[in-house]
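Asker: What follows is a single structure, and I will ask about it in a moment.
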Amino acid sequence: DEDTEEEPKLKYERLTNGVTEILQKDAASCMTVHDKFLALGTHFGKVYLLDIQGNVTQKFEISPVKINQISLDESGDHVGICSEDGKVVALHPQFSKSNNKQFVTGGNKILLYERNWLNRWKTSVLHEGEGNITNVKWRANLIAWANNVGVKIYDISSKQRITNVLQDNTNLRPDMYPCSLCWKDNTTLIIGWGSSVKICVVKERDPTEMRDLPSRYVEIVSAFETEFFISGLAPLADQLVTLYYVKENSEQMFRTRPRLDIIQPLPEGCEEISSDALTVRNFQENQCRDYRLEHSEGEPLFYIISPKDIVVAKERDQDDHIDWLLEKKKYEEALMAAEISFKNIKRHDVQKIGMAYINHLVERGDYDAAARKCQKVLGKNMDLWENEVYRFKTIGQLKAISQYLPRGDLRLRPAIYEMILHEFLKTDYEGFATLIREWPGELYNNMAIVQAVNEHLKKDPTNSMLLTTLAELYTYDQRYDRALEIYLKLRHKDVYQLIHKHNLFSAIKDKIVLLMDFDKEKAVDMLLDNDDKISMDKVVEELKDRPELLHVYLHKLFKRDHHKGQKYHERQISLYAEYDRPNLLPFLRESMHCPLEKALEICQQRHFVEETVFLLSRMGNCRRALQMIMEELADVDKAIEFAKEQDDRELWDDLISYSIDKPPFITGLLNNIGTHVDPILLIHRIKEGMEIPNLRDSLVKILQDYNLQILLREGCKKILVADSLSLLQRMHRTQKRGVRVDEENICESCHTPILPSGEILILLLHYYRFSFYVLWQVPGIQYCNICSAKRRGPGSGILEMKK
């Protein structure tokens, strides 16, 4: 069925050549397959030996009636032929090698022929009495035959009939619906009769259970009914190939064709894998008995024999699979299958399949997918690449293929890339810019593209995208000065990267102002990081007419190094005052090189009080600084803080004198003065009757501060006493320790050696406050001869002490 989406499992072809001529004049009745040749029997009693292609190699006229069965031994050297008068025949598989030369025939009984030692034929009846034998098959030591009742299996080695498989449907005529027998292996027999299939396995019986039973028995491992009548069976791995005869149906004439199905046997049924209806010649005139199915043991070849036609079915290979995928227009799957099995395919080429896929995508209008597939299919074939590029140009789809062109070691001619760039330049500036960024500059003639861009800029000179692209082209061509001019003109962010990457510092010495106008922070960082290439003096010279930019540069320089730009510190005072007052005071605090008089003059001119106060204090005029805080700022807290920093008693007196008639200032002093000046001095100077805001709270705070100071002093005193006692105890323990002395030590009183030569005295001197411990004489202890200090004598014991 051509409309089905399921791929067939088998492919078919007619057996032609000599077979065609034979079947025009005669009709096939049976056939046997050997690995080397075919043996075909006809209705006119002839037997033809054919090669695999169907050519006739030998012809035998056997009988005037139809040939019923042909049997071959495994070697193919001997052929057993039986015409309709003799019914069926089967040779021993090892007939050529066997001494007995056994074979069986079947008519109304099954006969075994074998040669005896006198080289005469001996005949034995294996079975009779159940009607005509319609089929017989011999495999190894087992013979299977079918009669009107069922199927028998005979063990030639033990000369025992081991089973009888009965026919399920006894209403079928055996001559119209013959039994099909097929040995899958030496112990597995497949039986097809009518619409019933049985798979039988011959097994060895347990010797302990044998008694009078045969040594083998048969187990039916699978049995199932089919929808149609069976004309032949053959094994295919663990599956079955089944040839079905379909009864004529007036409503569905096509179903009268025979069917070849692949089925999967199951213990209690079967599963259909595939099904093909075969159009054999004259199928409308054939009956179930007219079809045969034979198979080759060497390779999976299946022969469907009918009177006027022989069809060969074989498993589909990878080439057939690809054929089917291409027929169904499944190009991607076909290409994948070809790539996976490229070593096994014979009729197909991976690249041709890929080209067919690309053509299909182009025809469908999926140009991007077609272009993307070119990368994989065309590979390193530059001729095919160029052909595809021109084809895409013809259909107006150069943009689709542009991003997939080769750009590595293998490249197309520069003209191909230039053609695509010109196409983009005409219609898509953004796409053109993208290609310039992505494609290496050596793919095309850079100057030709630069010229083309300049032509377009004449029409649109302010187009930023074209200008940026032109700068990139100049960069590829190492014309960095031209690229730098464009970047600066556009204020492009890549200008700094360009300068660093290509070391263009010499080219920007006269463009510092432009760089600063573009991005002050980046420009200053770059100039400071590369001060060995662009000197500080050069930068200052360039920025002298732009003081606001000069301030930014010098400010960052000062932050990095307080001493490096010291010669510009005087200028920086004015710059800070003009453009950055918040940082003026920190600059004055941190700079060690700015002239204080100049700074004071500028700050006084601009009336910068805080800065002036700092400068006055730094120059030693603290009283004037404090006066400015009180008069100009009127900030008592700042005045108190200033007095604390200077820690000068006269400043505190000035502060009190200035604040004595200002109640808010007195409140501030009362809250903060307690830890630096005795509050009584301030309180005594306050006039009676003056109203002071929050006086009570201020007095409470003074008392609390006083109590806190007392507590701190007492705590410190306790810590001091405890530490003194601890140190005294440690000194006492240290002085109580013994001191080792020898003859070199002298007495501190009389300054003579304490010990005579060869003697050792452990002298314990103990001090506690101002009392001494003295040693009393005990046995074995002697005194110093001069100052009566006791020393240890020979054989003495311990030293005894007493206060």
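All residue names refer to the structure tokens as shown: chains lettered A, B, ... in order, residues numbered from 1 in each chain, ligands numbered from 1 in order.
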Would you pick out the contacts of Asp481 (chain A) at 10 Å or less, using only C-alpha atoms, so that residues sharing its chain but fewer than 3 positions from it are not included, and give the list as a PyMOL selection string?
Answerer: chain A and resi 471+474-475+478+484-487+499+504+507-508
Asker: Generate the output file for the selected residues, C-alpha atoms, as a PDB file, in the first residue's frame.
Answerer:
```pdb
ATOM      1  CA  ALA A 471      35.996  52.475  11.594  1.00  0.00           C
ATOM      2  CA  TYR A 474      39.995  50.854   8.981  1.00  0.00           C
ATOM      3  CA  THR A 475      40.985  48.853  12.059  1.00  0.00           C
ATOM      4  CA  GLN A 478      45.580  48.853  10.433  1.00  0.00           C
ATOM      5  CA  LEU A 484      40.228  56.723  16.020  1.00  0.00           C
ATOM      6  CA  GLU A 485      38.939  59.906  14.401  1.00  0.00           C
ATOM      7  CA  ILE A 486      35.627  58.242  13.592  1.00  0.00           C
ATOM      8  CA  TYR A 487      35.250  56.768  17.065  1.00  0.00           C
ATOM      9  CA  ILE A 499      43.688  52.848  22.029  1.00  0.00           C
ATOM     10  CA  LEU A 504      47.648  54.576  20.055  1.00  0.00           C
ATOM     11  CA  ALA A 507      47.980  59.560  18.345  1.00  0.00           C
ATOM     12  CA  ILE A 508      45.825  60.939  21.143  1.00  0.00           C
TER      13      ILE A 508
END
```
Asker: What's around Gln102 (chain A) at 6 Å? Count only C-alpha atoms, leave out sequence neighbours fewer than 5 positions away in its own chain, and write the answer as a short mmCIF file (atom, residue, chain, number, x, y, z; two decimals) with N, CA, C and O atoms, in the first residue's frame.
Answerer:
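File written: selection.cif
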```cif
data_model
loop_
_atom_site.label_atom_id
_atom_site.label_comp_id
_atom_site.auth_asym_id
_atom_site.auth_seq_id
_atom_site.Cartn_x
_atom_site.Cartn_y
_atom_site.Cartn_z
N HIS A 92 17.46 -38.05 3.62
CA HIS A 92 18.21 -37.83 4.85
C HIS A 92 19.12 -36.61 4.64
O HIS A 92 19.77 -36.49 3.60
N TYR A 113 13.42 -45.99 3.15
CA TYR A 113 14.33 -46.75 2.31
C TYR A 113 15.75 -46.55 2.84
O TYR A 113 16.16 -45.44 3.13
N GLU A 114 16.47 -47.68 2.90
CA GLU A 114 17.88 -47.61 3.30
C GLU A 114 18.62 -48.80 2.74
O GLU A 114 18.05 -49.87 2.53
#
```
Asker: For region 52-64 of chain A, find every residue with an atom within 10 Å (counting only C-alpha atoms), except residues of its own chain fewer than 3 positions away, and show them as number ranges by chain.
Answerer: A: 14-20, 22, 33-49, 67, 81-85, 310
Asker: Mind pulling up the distance from CA of Glu611 (chain A) to CA of Leu585 (chain A)?
Answerer: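 These two atoms are separated by 5.7 Å.
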Asker: Set the distance at 8 Å and use only C-alpha atoms: which residues neighbour region 236-243 of chain A once local chain neighbours fewer than 3 positions away are removed? I'd like the list as a PDB file with N, CA, C and O atoms, in the first residue's frame.
Answerer:
```pdb
ATOM      1  N   ILE A 230      -3.360 -20.773   5.595  1.00  0.00           N
ATOM      2  CA  ILE A 230      -1.898 -20.793   5.491  1.00  0.00           C
ATOM      3  C   ILE A 230      -1.473 -21.614   4.287  1.00  0.00           C
ATOM      4  O   ILE A 230      -1.884 -22.775   4.134  1.00  0.00           O
ATOM      5  N   SER A 231      -0.623 -20.986   3.453  1.00  0.00           N
ATOM      6  CA  SER A 231      -0.068 -21.701   2.296  1.00  0.00           C
ATOM      7  C   SER A 231       1.407 -22.013   2.485  1.00  0.00           C
ATOM      8  O   SER A 231       1.964 -22.821   1.733  1.00  0.00           O
ATOM      9  N   GLY A 232       2.048 -21.402   3.443  1.00  0.00           N
ATOM     10  CA  GLY A 232       3.455 -21.681   3.676  1.00  0.00           C
ATOM     11  C   GLY A 232       3.973 -20.941   4.897  1.00  0.00           C
ATOM     12  O   GLY A 232       3.428 -19.907   5.299  1.00  0.00           O
ATOM     13  N   LEU A 233       5.039 -21.505   5.508  1.00  0.00           N
ATOM     14  CA  LEU A 233       5.647 -20.920   6.701  1.00  0.00           C
ATOM     15  C   LEU A 233       7.158 -20.948   6.558  1.00  0.00           C
ATOM     16  O   LEU A 233       7.719 -21.854   5.926  1.00  0.00           O
ATOM     17  N   PRO A 258      -2.562 -13.030  -2.541  1.00  0.00           N
ATOM     18  CA  PRO A 258      -1.941 -13.677  -1.375  1.00  0.00           C
ATOM     19  C   PRO A 258      -1.223 -12.630  -0.522  1.00  0.00           C
ATOM     20  O   PRO A 258      -0.781 -11.595  -1.018  1.00  0.00           O
ATOM     21  N   ARG A 259      -1.105 -12.909   0.761  1.00  0.00           N
ATOM     22  CA  ARG A 259      -0.457 -11.994   1.698  1.00  0.00           C
ATOM     23  C   ARG A 259       0.759 -12.654   2.310  1.00  0.00           C
ATOM     24  O   ARG A 259       0.729 -13.848   2.641  1.00  0.00           O
ATOM     25  N   LEU A 260       1.783 -11.858   2.455  1.00  0.00           N
ATOM     26  CA  LEU A 260       2.976 -12.327   3.162  1.00  0.00           C
ATOM     27  C   LEU A 260       3.108 -11.484   4.422  1.00  0.00           C
ATOM     28  O   LEU A 260       3.348 -10.284   4.354  1.00  0.00           O
ATOM     29  N   ASP A 261       2.924 -12.123   5.568  1.00  0.00           N
ATOM     30  CA  ASP A 261       2.954 -11.434   6.848  1.00  0.00           C
ATOM     31  C   ASP A 261       4.158 -11.870   7.669  1.00  0.00           C
ATOM     32  O   ASP A 261       4.597 -13.027   7.588  1.00  0.00           O
ATOM     33  N   ILE A 262       4.660 -10.928   8.457  1.00  0.00           N
ATOM     34  CA  ILE A 262       5.660 -11.256   9.485  1.00  0.00           C
ATOM     35  C   ILE A 262       4.948 -11.147  10.815  1.00  0.00           C
ATOM     36  O   ILE A 262       4.368 -10.102  11.134  1.00  0.00           O
ATOM     37  N   ILE A 263       4.957 -12.226  11.575  1.00  0.00           N
ATOM     38  CA  ILE A 263       4.244 -12.235  12.850  1.00  0.00           C
ATOM     39  C   ILE A 263       5.202 -12.636  13.962  1.00  0.00           C
ATOM     40  O   ILE A 263       6.204 -13.324  13.738  1.00  0.00           O
ATOM     41  N   GLN A 264       4.877 -12.184  15.164  1.00  0.00           N
ATOM     42  CA  GLN A 264       5.654 -12.512  16.366  1.00  0.00           C
ATOM     43  C   GLN A 264       4.855 -13.499  17.198  1.00  0.00           C
ATOM     44  O   GLN A 264       3.833 -13.136  17.775  1.00  0.00           O
ATOM     45  N   PRO A 265       5.271 -14.766  17.247  1.00  0.00           N
ATOM     46  CA  PRO A 265       4.521 -15.738  18.054  1.00  0.00           C
ATOM     47  C   PRO A 265       4.614 -15.414  19.534  1.00  0.00           C
ATOM     48  O   PRO A 265       5.659 -14.998  20.038  1.00  0.00           O
ATOM     49  N   ARG A 292       3.244 -21.999  -2.580  1.00  0.00           N
ATOM     50  CA  ARG A 292       4.271 -22.587  -1.707  1.00  0.00           C
ATOM     51  C   ARG A 292       5.185 -21.455  -1.210  1.00  0.00           C
ATOM     52  O   ARG A 292       5.378 -20.453  -1.907  1.00  0.00           O
ATOM     53  N   LEU A 293       5.739 -21.663  -0.019  1.00  0.00           N
ATOM     54  CA  LEU A 293       6.727 -20.723   0.524  1.00  0.00           C
ATOM     55  C   LEU A 293       7.967 -21.502   0.903  1.00  0.00           C
ATOM     56  O   LEU A 293       7.913 -22.423   1.730  1.00  0.00           O
ATOM     57  N   PRO A 300      18.373 -14.548   4.622  1.00  0.00           N
ATOM     58  CA  PRO A 300      16.907 -14.417   4.711  1.00  0.00           C
ATOM     59  C   PRO A 300      16.273 -14.106   3.360  1.00  0.00           C
ATOM     60  O   PRO A 300      15.926 -12.961   3.056  1.00  0.00           O
ATOM     61  N   ILE A 304       8.139 -17.084  -2.958  1.00  0.00           N
ATOM     62  CA  ILE A 304       6.705 -17.337  -3.044  1.00  0.00           C
ATOM     63  C   ILE A 304       6.452 -17.951  -4.413  1.00  0.00           C
ATOM     64  O   ILE A 304       6.633 -17.292  -5.456  1.00  0.00           O
TER      65      ILE A 304
END
```
Asker: As a list in words, list the residues of region 293-343 of chain A assigned to strand (DSSP E or B) by DSSP on the backbone atoms of this structure.
Answerer: Leu293, Glu294, His295, Leu301, Phe302, Tyr303, Ile304, Ile305, Ser306, Asp309, Ile310, Val311, Val312, Ala313, Lys314 and Glu315 of chain A
Asker: Taking only C-alpha atoms into account, which of A:Val151, A:Val246, A:Val741, A:Ala400 comes nearest Cys179 (chain A)?
Answerer: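 The answer is A:Val151, which sits nearest to Cys179 (chain A).
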Asker: Name the residues in contact with region 347-351 of chain A at a cut-off of 10 Å, using only C-alpha atoms, excluding same-chain residues fewer than 4 positions from it; report them as a short mmCIF file (atom, residue, chain, number, x, y, z; two decimals) with N, CA and C atoms, in the first residue's frame.
Answerer:
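Saved result, result-v8.cif, follows:
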```
data_model
loop_
_atom_site.label_atom_id
_atom_site.label_comp_id
_atom_site.auth_asym_id
_atom_site.auth_seq_id
_atom_site.Cartn_x
_atom_site.Cartn_y
_atom_site.Cartn_z
N GLN A 318 19.85 -1.14 4.42
CA GLN A 318 19.85 0.29 4.71
C GLN A 318 19.57 1.11 3.46
N ASP A 319 20.01 0.64 2.30
CA ASP A 319 19.70 1.36 1.06
C ASP A 319 18.20 1.37 0.81
N ASP A 320 17.53 0.25 1.07
CA ASP A 320 16.08 0.20 0.89
C ASP A 320 15.39 1.13 1.88
N ILE A 322 16.61 3.85 3.12
CA ILE A 322 16.79 5.23 2.64
C ILE A 322 15.89 5.50 1.45
N ASP A 323 15.74 4.51 0.56
CA ASP A 323 14.82 4.68 -0.57
C ASP A 323 13.42 5.03 -0.08
N ALA A 334 16.45 10.42 6.24
CA ALA A 334 17.27 9.70 5.25
C ALA A 334 18.73 10.11 5.38
N LEU A 335 18.98 11.41 5.56
CA LEU A 335 20.35 11.89 5.70
C LEU A 335 20.99 11.35 6.97
N MET A 336 20.24 11.32 8.05
CA MET A 336 20.76 10.79 9.31
C MET A 336 21.07 9.30 9.17
N ALA A 337 20.15 8.55 8.53
CA ALA A 337 20.38 7.11 8.35
C ALA A 337 21.62 6.87 7.48
N ALA A 338 21.81 7.68 6.44
CA ALA A 338 22.97 7.51 5.58
C ALA A 338 24.27 7.84 6.32
N GLU A 339 24.24 8.86 7.16
CA GLU A 339 25.44 9.23 7.92
C GLU A 339 25.82 8.15 8.92
N ILE A 340 24.81 7.57 9.55
CA ILE A 340 25.08 6.53 10.54
C ILE A 340 25.64 5.28 9.88
N SER A 341 25.10 4.91 8.70
CA SER A 341 25.47 3.65 8.05
C SER A 341 26.23 3.88 6.75
N PHE A 342 27.04 4.94 6.71
CA PHE A 342 27.69 5.27 5.44
C PHE A 342 28.62 4.16 4.96
N MET A 355 22.08 16.94 -0.68
CA MET A 355 21.71 17.91 -1.71
C MET A 355 20.22 17.81 -2.04
N ALA A 356 19.69 16.58 -2.06
CA ALA A 356 18.26 16.41 -2.29
C ALA A 356 17.46 17.08 -1.17
N TYR A 357 17.97 16.97 0.06
CA TYR A 357 17.31 17.60 1.20
C TYR A 357 17.33 19.13 1.06
N LYS A 376 26.54 21.41 6.84
CA LYS A 376 26.76 20.00 7.13
C LYS A 376 26.96 19.19 5.86
N VAL A 377 26.18 19.51 4.82
CA VAL A 377 26.16 18.69 3.60
C VAL A 377 27.33 19.01 2.69
N LEU A 378 27.59 20.28 2.47
CA LEU A 378 28.62 20.67 1.49
C LEU A 378 30.02 20.48 2.03
N GLY A 379 30.17 20.62 3.35
CA GLY A 379 31.46 20.34 3.98
C GLY A 379 32.60 21.14 3.38
#
```
Asker: Extract, using only C-alpha atoms, all DNA, RNA and protein residues at most 9 Å from Lys556 (chain A), discarding same-chain residues fewer than 6 positions from it, and format them as a PDB file with N, CA, C and O atoms, in the first residue's frame.
Answerer:
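Saved the output as result20.pdb:
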```pdb
ATOM      1  N   VAL A 524      40.439  59.871  32.196  1.00  0.00           N
ATOM      2  CA  VAL A 524      41.412  60.144  33.262  1.00  0.00           C
ATOM      3  C   VAL A 524      42.078  58.852  33.715  1.00  0.00           C
ATOM      4  O   VAL A 524      43.306  58.809  33.921  1.00  0.00           O
ATOM      5  N   ASP A 525      41.289  57.789  33.897  1.00  0.00           N
ATOM      6  CA  ASP A 525      41.877  56.504  34.310  1.00  0.00           C
ATOM      7  C   ASP A 525      42.910  56.045  33.284  1.00  0.00           C
ATOM      8  O   ASP A 525      43.988  55.539  33.649  1.00  0.00           O
ATOM      9  N   LEU A 528      46.086  58.300  33.543  1.00  0.00           N
ATOM     10  CA  LEU A 528      46.866  58.027  34.747  1.00  0.00           C
ATOM     11  C   LEU A 528      47.531  56.663  34.690  1.00  0.00           C
ATOM     12  O   LEU A 528      48.648  56.494  35.189  1.00  0.00           O
TER      13      LEU A 528
END
```
Asker: My list of candidates is A:Asp531, A:Glu744, A:Glu21, A:Asp517. Which is closest to Phe505 (chain A) when distances are computed with only C-alpha atoms?
Answerer: A:Asp531
Asker: How far is it from CA of Ile305 (chain A) to CA of Gly269 (chain A), in Å with one decimal?
Answerer: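 Calculated distance between CA of Ile305 (chain A) and CA of Gly269 (chain A) is 27.4 Å.
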Asker: Kindly indicate which residue among A:Trp121, A:Phe95, A:Phe587, A:Phe228 lies nearest to Ala140 (chain A), using only C-alpha atoms for the distances.
Answerer: A:Phe95
